[in-house]
Structure formats: structure tokens, C-alpha cells
Amino acid sequence: MVLNLFFQKLSRVLGISMSLLIVSSVALAATGDVEGKILDKITKEPVPGATVIWLGADEKILKGTVTDIDGHFQLVDMETGEQQLLVRYLGFASKTITISVSPEGNADLSIELENSMLDLSAIEILGTSSGSIRKNTGTYTKLSAKKINEIQPMGTQEILEYVPGINGFSDDGMGNSRISIGIRGLNPRRSSRVLILEDGIPIQPAIYLYPNMYYNPPMERIDEIEVIKGSGAIKHGPQTMGGIINYISKRPRKDFGGTAQIIGGTNNYRSVFASVGGWGNDKIHPELQLLYKSGDGYRDNNHFDQYNATFKVNAIINSKRSLYIKLNTNYENSNATYTGLTEYTFRTNPTFNPKKDDNFQVFRLSLDVIYENEINASLLSTTKVYANHFSRDWWRENDVFVRAEDYDVNNPVVPVAWYASGDLVRVGDGKSNLGILRSFYVGGVEQAYDYSHRIGKVRGNLETGARLHYERFIDDKKQGNSPTDREGVYFTGDPDSGNVVIVGQSHHYETTALAFFVQEKLLFGENFTLLPGVRYELFEQERIDRLDNSTYRDKTTGVVLPGFGFNYEMEAINLFGGVHRGFTPPSSGTLKVLNFGEDISKDGFDVAAEKSWNYEVGIRGNTKAVTFEIAGFLLSIEDMVAAGRGAVFENLGQVTMRGLESSIHIHLDQLKGKKKFLKFSPDIQISYTFLDASITQGEIPSSLSTEIVSLSGNSLPYAPEHSLVAGLSKDFGFGLGVSANVKYVSDVFTDFENIIWTENRGDQGVVPAYYIINANVNYRLNKSWKFFGSVKNLTDNIYIGSRLHSNRKQPNAAISSGILPGARRQINIGIRYNFGK
């Protein structure tokens, strides 16, 4: 009986214990949802795209999410009790907070982030926060994903021409795979005087020896674009004279999903793009992007095909370290040609192009690695490693002139001299071609540190870094014996007998470069910012001429590039300005023309890199109703060598560029005291540039006589005095958006002598002023489906895009090019499908 009583009491105790254990387990397993908003501490505006992470023991990532367009986030099924949240976003200081999660949930959490230069992603120059842009010490333009989707550009040059201060001129082709843009009057030819980056890494074929943009990333995989022209440019190099363009590619997704997009249009244009990503886990975010695009261009025999594939992965090692890897390959095969139009063919048949056998092939393979390590709350380390191979083979049939009345596509050509009178046509000779075969091998490593600190009451942000860069450039030319020859020869004759005639070229260049920079951003209170800095470039350039007994030439250059900028904030207005040393390294063409400076003992010139002093001052404003930026600038360039294709200054030239840039965006529906009808009014966007680019000192042999002529007072070629883009846009709020704009460019000279009269060849004279009208429409049916369309050059205006290689001393058809017409009317329609989160 006692034993039974014992077991009864024991069972009661065990039952109570089990109940307590179950209740305890339920309590321990209780969860709650947390939601709230992430805000900019200064502006109180929402921060979309911020990462919110739930941290466990040892800072283990348990769960994460991203804020929506309203800055809202939600984390579900978090354990109740004290939990840690980490919030990070580009341009803001990371913030860790402790919250108490209840089973009922937390629905009104508000987290404010402070602006910081520390957490700027290494793929961006300035970042995305309104605070960092507003406090920038130089002119800056951010072409957002929204703006790019609105314009629907076919290539990056089209959208870049919306930026004040950028002047672009037409090349052959419609995909913008070879862009030609200049900044503030610098020669736009192949964008060789602009530093162009993708995700903060240089992408030009050889940034020291041959920066000509024969490769340009397709617009389909670009998310945003940064353009910076101020004193902060010295952080990047070596090109610091005009400015920096940074393409920001689409980042890997965190959640599984992707995009499929198809675009079709006139001129047989089509683009098929697909991406899929987020199939990893909370720490590994991979993404694959594939693109095919093609078209027939705006002239006969102008077809192109392009294939582009990108694999990228973003690895979150822990809350303080990340690794970004991007592998890209690009192949293009096109009928690109240098054969321009004569005055006669432009007037009678602007789509004319007889060169069906010209062929341009590009292949590029690149690997970029970016490692970021937040050493502590104040110190960020960024390591970049990059390598790429680029080849560009261009075979072009040699040109001749024929009389218009004698030209018959079915009969052999009858060449005439370049000075023949009457109407001429530029065509292939039907007998030979020239192969310009170029290969590039590039690699580099850059280490940078970003240190936030205080000097008394002054907040400081110190950026310093170094880069080791190597590039090899093989510059070959071969003569072919037919329009379809793809082998060619360097020489003719018998080498054994010594009876050899060199008809080609084989130059091998190498550059090894070491660069350092240091830049300190000082914030005095909340209103005044100073940005002093300096960059040092040291590099050796070498060349071996394989067809001249392997003759060796080399040149070492060192240059110090200081810069200083300021920004003063007055409520919604910011004053900014600065001065910095601009720099352009001697290119392979300059080294060839000046024989690496070895003719200095014979009254020749030493190789001096083109340098400049760049000044600017401006005002920037940002309210809900109006956003604007206005800046005046002055560039004083010294030691300029090239005076156009085949023309070299008799003395090292000096050039001055001055002007005014302005951009304004007016939201009429946000004006104070707005009337009801303004609710339906469109936004107004205007971009205008005034430019005065002239030669202050320079002499060249006259193209009209045997005399040496002064160019002082002449205008630089392809530097328009007036450039304007004015547009209207409206987002109706139910998925529909429309926009239209007009682009105007004033007339420009095409050579340094400022010759205004035209010749029948088409390669001489001014490019007249022109305008084009564009229109776009977007309709988002739902979260997954979007339809869009655009019309470029709505009125099908026929205009001269450029007079390529204008030089009266090179009038022969085989070494001149003539008129390249601008882009004609292009109508595109597309559909995009997004799946996943």
C-alpha cells in the first residue's frame, strides 16, 4: 500500500515535470514576426534595398531580407526574446541593434542609418545615398535603373549623351559596342580620353597604351551608370583629365528568381536576355546572365551578331567579409567598315555601303574578384584582382574613288584620283584588303583601405590604396591579296635574297605601372566638407618592332596628380568646387609619332604625357519638387601632341576648354501650392552644356600649302558649342509610364584647321547641327510582366554623324573615311518577365 502510494506520488511528480517541460519547450520555441522601416537619418527618407540580417551566436547569419521601395522590411518566425539585427546599405554606416521579440510580433520598428563613406560597395564610385551624392565635391550624375528603363537605350552611348558635359558622335553600328564619347570638349574618338570602369574595375583594352573603346558592355546587363568629373577623379586613374564613367552591373540575386526579356525592332534588330540566380543559400548568391543580340544596322552590309555570358557570385563569408567574383565572355561578329560616304552618296543614298566582305570580330574573356573585409567599425579593406584577354581582328577591303556615272556593282571598278572633279563614290578596289589585328593581355591587383575617424570635432574619412597593373598589346597589320583574305602577309619578296618589302606591321608593347593614391574627406559639422588628395603614377612603356630587327624602345613616366575639393550645404542647396591635375598617358600612337622621345637630340620632342589643370565650381539642389546641378568648368591642357589623324603639332600644343553644364528635373505634381491639374502634369527634365574649346598654342604643317600655320584661336574638333536634351515624362501610377525628348547638337569642326568648305570626297568640312526626337512607353501589367516600346529618331532625320579621319593631307580613299551618317529611325518593342521574389 505504501508502495502504491509512492508510485502514485511519483507519477504525479513526473506528470507535472513533463507538463512543465512541454510548456517550457513551447515557450522556448515561441516565435514572433518583426517588421519596420529603414530611414536615412538626415533626410528621414526611406532606404530601399537595405539588407536586414538576424544574427545568432558568433554573428552567425540566421535569416535576412531586403527593404522594399518604401524602406519596409519583415522577418518572420524569429525566436522571441533578445535578438540582434544588422542593417547594411551602400553609403551608410552598418548598424547593429538589439530588439526584444514578442510572440505578438513587433510591427512599428524604425531604424535610422547614418551616411558613411565606409560601407560604399567597391563596385561603385560614390554610392546611392542622397547624402553622399549631395555632399560630393564635384559634378556627379547617377543614371539610375529607373532612368535607364524609361529611356530603353540600345547601348550605353545613347544614355550617356543625356549627361551634361558629354559629347558623343556616331560610329558605324547600332549596338554601341564601340562608343565614341568625350567629356568637356575632349576628343570623343573611341572614348580614349575617358576612364571607363565596370563595377569599379577598368575595362578599356589597355588603359595606358591603347584605351580606345573597342569593347563596351551591352546595355542589357547594366543596372546603373555613374559619371564623375570633379577632383575626386584622382582616386582612379590613369585617365583623370576628362572624367570617369562607371558601369554598375546587375548584382546577384539573394532569392531564387530571374528575368527573361525579348526585344524586337526595325532594321532586323533583336535582343534576347535571360538571367537566373539565387539558387545558392543565405551566404552564396550565384547568378548566370546570357545575351544574344543582332541587327542589320542603318546601312547596307552592316549586320552584327553579339553573344555575351556572365557568371557572378556574391559570397557572404560572415557579417564583415564578402567575396564577389565575376566571369564574363563576349563575342561579336559584324560587317563593320570604315568606308564612309562621299557628298554625292550621302545626298542620294545615305544607306549606301558596298563593303560586303569587311569583317570585324571581337573576343573578350575577363575575370574580376573583389574581396571586402570590415576589419573593425572604422576600417574597411578592399582587394581587387582583375585579368582579361581581348582580341580585335578587323579586315577591311582597300578603298578607291570612282566616278558616280561609271559605278556599276556588276562591273569591275575604274579608280580615279582623289582630286578628280565631279561626283565621286568611295568603294572597295575588289583586289586587296588590310587586316588590323590587335590582341591585349591585362592583369592587375589593387589594395585599398577606407578609414573613418575623428580629428577633434571633425569627422574624417581617409581613403588610400595602391595598384600594380600590367598590360601587353600586340599591334599587327597585314596586307591581303583579296577582299576575303583572312591570312595576309607582313612583307613581300624573298627574305633569303634580302629583297623584301615591308607591307605590314608587328609592334609588341608592354606596360608595367604602379599607382598610389591618398584622399581625406573632412566633415566640419554637418555642412562643410573638404576633400584634399593626391595620386602618383609611375609606369614604363616598352615596344619591340619585330619587322625592324626587333628594335627595342622604352619610356618611363612618373607624375604627381594633386586634387582638392569642397562642399558647403545650406538646407536644400549645396555649393561645391575643386581643382585637380588631369593626366593622359602617352598612347601607342603618341609613342610611335614621337619615336619614344629619341629624336629630342634632332630637334624632336620628348614624350610628355598630356596634363591639365581642371577647375570647376557649382551649385546643387535637391527637394521633392526640383533637383538640379549647375557647374562652370575650365580645363587648361598642356603638352598636347596629336592634332588629328596623321597630323602632329610642330610644338607641343596648349588647349583651353571652358563652359557651363546644367541639369534640372522638375516634378510639377510636387510643387507647393499645387493646383489640382498639376497632379496630372508631366515631369520636366533638361540637360544643357555650353562649351568653348579652343587652341591657345599649336602649329602644324598647313594642309593647303607647305607653310607652318598657327592654330591659336581655332576650335577643337567635335566640341559642340551647344548641346541640349529636353524631355517630358509621366508615371501615371497604375503601371503606365510615357516619356519623350528632343536632343539638339550644334555644328562642329572636324579638323584643327577649322576648314568649313566641303570636298566631293566627304571627309572634309563641318558636321552641321542636328536634332532628333525620341519617345518611350512602359506598361507594368503586374509584378511579373512588363511591356515596353520606344521610337528613336521619330522623324527619321538624316544627318551627318561624323566625318571620320578628316585630314586634307591624307585624301586618298584608302586612308580616309568620309561621312558616317547618324542613327536613323528605330522602332523597338519588348516584353520582360520576372519570376521569383
# chains A, B, ... in the order shown; residues from 1 in each chain; ligands from 1
>>> residues_around(residues="A:Lys431", least_positions_apart="4", cutoff="8 Å", atoms="only C-alpha atoms", output="count of residues only")
5
>>> closest_residue(among="A:Ser802, A:Ser110, A:Ser687, A:Ser746", to="A:Ile166", atoms="only C-alpha atoms")
A:Ser687
>>> residues_around(residues="A:Val163", least_positions_apart="6", cutoff="12 Å", atoms="only C-alpha atoms", output="MDAnalysis selection string")
chainID A and resid 139:143 147 156:157 181:184 225:229 245 629 661:664 685:689 723:726 743
>>> write_last_selection(atoms="C-alpha atoms", output="mmCIF file, in the first residue's frame")
data_model
loop_
_atom_site.group_PDB
_atom_site.id
_atom_site.type_symbol
_atom_site.label_atom_id
_atom_site.label_comp_id
_atom_site.auth_asym_id
_atom_site.auth_seq_id
_atom_site.Cartn_x
_atom_site.Cartn_y
_atom_site.Cartn_z
ATOM 1 C CA THR A 139 29.942 67.299 -60.614
ATOM 2 C CA TYR A 140 28.266 63.926 -60.465
ATOM 3 C CA THR A 141 25.496 62.188 -62.398
ATOM 4 C CA LYS A 142 23.826 58.920 -61.489
ATOM 5 C CA LEU A 143 21.810 57.314 -64.271
ATOM 6 C CA LYS A 147 16.005 56.291 -65.801
ATOM 7 C CA THR A 156 25.393 52.924 -73.352
ATOM 8 C CA GLN A 157 26.384 55.814 -75.635
ATOM 9 C CA ILE A 181 32.240 59.998 -76.331
ATOM 10 C CA GLY A 182 34.240 62.908 -74.978
ATOM 11 C CA ILE A 183 33.856 64.930 -71.806
ATOM 12 C CA ARG A 184 34.010 68.739 -71.736
ATOM 13 C CA ILE A 225 25.823 54.286 -64.544
ATOM 14 C CA GLU A 226 27.936 56.804 -62.625
ATOM 15 C CA VAL A 227 29.663 59.800 -64.243
ATOM 16 C CA ILE A 228 32.073 61.825 -62.112
ATOM 17 C CA LYS A 229 34.186 64.752 -63.332
ATOM 18 C CA ILE A 245 32.337 56.518 -66.247
ATOM 19 C CA GLU A 629 23.012 70.822 -60.680
ATOM 20 C CA GLU A 661 26.902 72.368 -67.507
ATOM 21 C CA SER A 662 23.375 72.228 -66.162
ATOM 22 C CA SER A 663 20.721 69.640 -65.451
ATOM 23 C CA ILE A 664 17.318 70.102 -63.869
ATOM 24 C CA GLN A 685 13.961 67.203 -67.490
ATOM 25 C CA ILE A 686 16.564 69.428 -69.146
ATOM 26 C CA SER A 687 20.273 68.865 -69.699
ATOM 27 C CA TYR A 688 22.294 71.660 -71.341
ATOM 28 C CA THR A 689 26.004 72.260 -71.968
ATOM 29 C CA SER A 723 24.230 70.516 -76.526
ATOM 30 C CA LEU A 724 20.675 70.153 -75.257
ATOM 31 C CA VAL A 725 18.366 67.324 -74.216
ATOM 32 C CA ALA A 726 14.889 68.400 -73.092
ATOM 33 C CA LYS A 743 18.167 66.171 -78.494
#
>>> closest_residue(among="A:Ala336, A:Ile474, A:Leu113, A:Ala609", to="A:Val362", atoms="only C-alpha atoms")
A:Ala336
>>> select_by_dssp(residues="stretch 523-601 of chain A", states="strand (DSSP E or B)", output="PyMOL selection string")
chain A and resi 523-524+528-545+551-570+573-584
>>> residues_around(residues="A:Asn411", least_positions_apart="5", cutoff="12 Å", atoms="only C-alpha atoms", output="VMD selection string")
chain A and resid 406 429 to 430
>>> write_last_selection(atoms="N, CA and C atoms", output="mmCIF file, in the first residue's frame")
data_model
loop_
_atom_site.group_PDB
_atom_site.id
_atom_site.type_symbol
_atom_site.label_atom_id
_atom_site.label_comp_id
_atom_site.auth_asym_id
_atom_site.auth_seq_id
_atom_site.Cartn_x
_atom_site.Cartn_y
_atom_site.Cartn_z
ATOM 1 N N ASP A 406 30.192 56.175 -113.552
ATOM 2 C CA ASP A 406 30.857 54.966 -114.027
ATOM 3 C C ASP A 406 30.631 53.771 -113.106
ATOM 4 N N ASP A 429 38.306 48.241 -103.760
ATOM 5 C CA ASP A 429 39.005 48.064 -105.042
ATOM 6 C C ASP A 429 38.790 46.688 -105.651
ATOM 7 N N GLY A 430 38.174 45.753 -104.881
ATOM 8 C CA GLY A 430 37.909 44.429 -105.411
ATOM 9 C C GLY A 430 39.134 43.554 -105.525
#
>>> atom_distance(atom1="atom CA of A:Gly242", atom2="atom CA of A:Arg364")
26.0 Å
>>> residues_around(residues="stretch 539-543 of chain A", least_positions_apart="6", cutoff="7 Å", atoms="only C-alpha atoms", output="ChimeraX atom specification")
/A:507-514,552-558
>>> write_last_selection(atoms="N, CA, C and O atoms", output="short mmCIF file (atom, residue, chain, number, x, y, z; two decimals), in the first residue's frame")
data_model
loop_
_atom_site.label_atom_id
_atom_site.label_comp_id
_atom_site.auth_asym_id
_atom_site.auth_seq_id
_atom_site.Cartn_x
_atom_site.Cartn_y
_atom_site.Cartn_z
N HIS A 507 54.16 45.40 -83.98
CA HIS A 507 54.67 46.10 -82.81
C HIS A 507 54.15 45.40 -81.55
O HIS A 507 52.94 45.17 -81.42
N HIS A 508 55.04 45.09 -80.65
CA HIS A 508 54.66 44.48 -79.37
C HIS A 508 54.97 45.48 -78.25
O HIS A 508 56.12 45.87 -78.06
N TYR A 509 53.92 45.87 -77.54
CA TYR A 509 54.06 46.85 -76.45
C TYR A 509 53.83 46.16 -75.11
O TYR A 509 53.04 45.21 -75.01
N GLU A 510 54.48 46.67 -74.08
CA GLU A 510 54.21 46.25 -72.72
C GLU A 510 54.27 47.46 -71.79
O GLU A 510 55.07 48.36 -72.01
N THR A 511 53.42 47.44 -70.78
CA THR A 511 53.43 48.48 -69.75
C THR A 511 53.35 47.82 -68.38
O THR A 511 52.53 46.92 -68.17
N THR A 512 54.21 48.26 -67.50
CA THR A 512 54.12 47.90 -66.09
C THR A 512 53.93 49.19 -65.31
O THR A 512 54.73 50.12 -65.45
N ALA A 513 52.88 49.26 -64.51
CA ALA A 513 52.53 50.52 -63.86
C ALA A 513 52.26 50.29 -62.38
O ALA A 513 51.67 49.28 -61.97
N LEU A 514 52.70 51.26 -61.59
CA LEU A 514 52.43 51.26 -60.16
C LEU A 514 51.81 52.61 -59.81
O LEU A 514 52.35 53.66 -60.18
N TYR A 552 64.19 47.78 -79.99
CA TYR A 552 63.59 47.97 -78.66
C TYR A 552 63.55 49.46 -78.31
O TYR A 552 64.53 50.18 -78.49
N ARG A 553 62.42 49.92 -77.84
CA ARG A 553 62.26 51.29 -77.35
C ARG A 553 61.55 51.23 -76.00
O ARG A 553 60.71 50.36 -75.76
N ASP A 554 61.88 52.17 -75.11
CA ASP A 554 61.16 52.22 -73.85
C ASP A 554 61.12 53.65 -73.32
O ASP A 554 61.92 54.49 -73.71
N LYS A 555 60.17 53.88 -72.44
CA LYS A 555 59.99 55.20 -71.84
C LYS A 555 59.37 55.02 -70.46
O LYS A 555 58.38 54.30 -70.29
N THR A 556 59.98 55.67 -69.46
CA THR A 556 59.44 55.64 -68.10
C THR A 556 58.87 57.01 -67.75
O THR A 556 59.50 58.04 -68.00
N THR A 557 57.68 57.02 -67.19
CA THR A 557 56.99 58.26 -66.85
C THR A 557 56.53 58.22 -65.40
O THR A 557 56.03 57.20 -64.92
N GLY A 558 56.73 59.32 -64.70
CA GLY A 558 56.22 59.48 -63.35
C GLY A 558 55.51 60.82 -63.24
O GLY A 558 55.97 61.82 -63.80
#
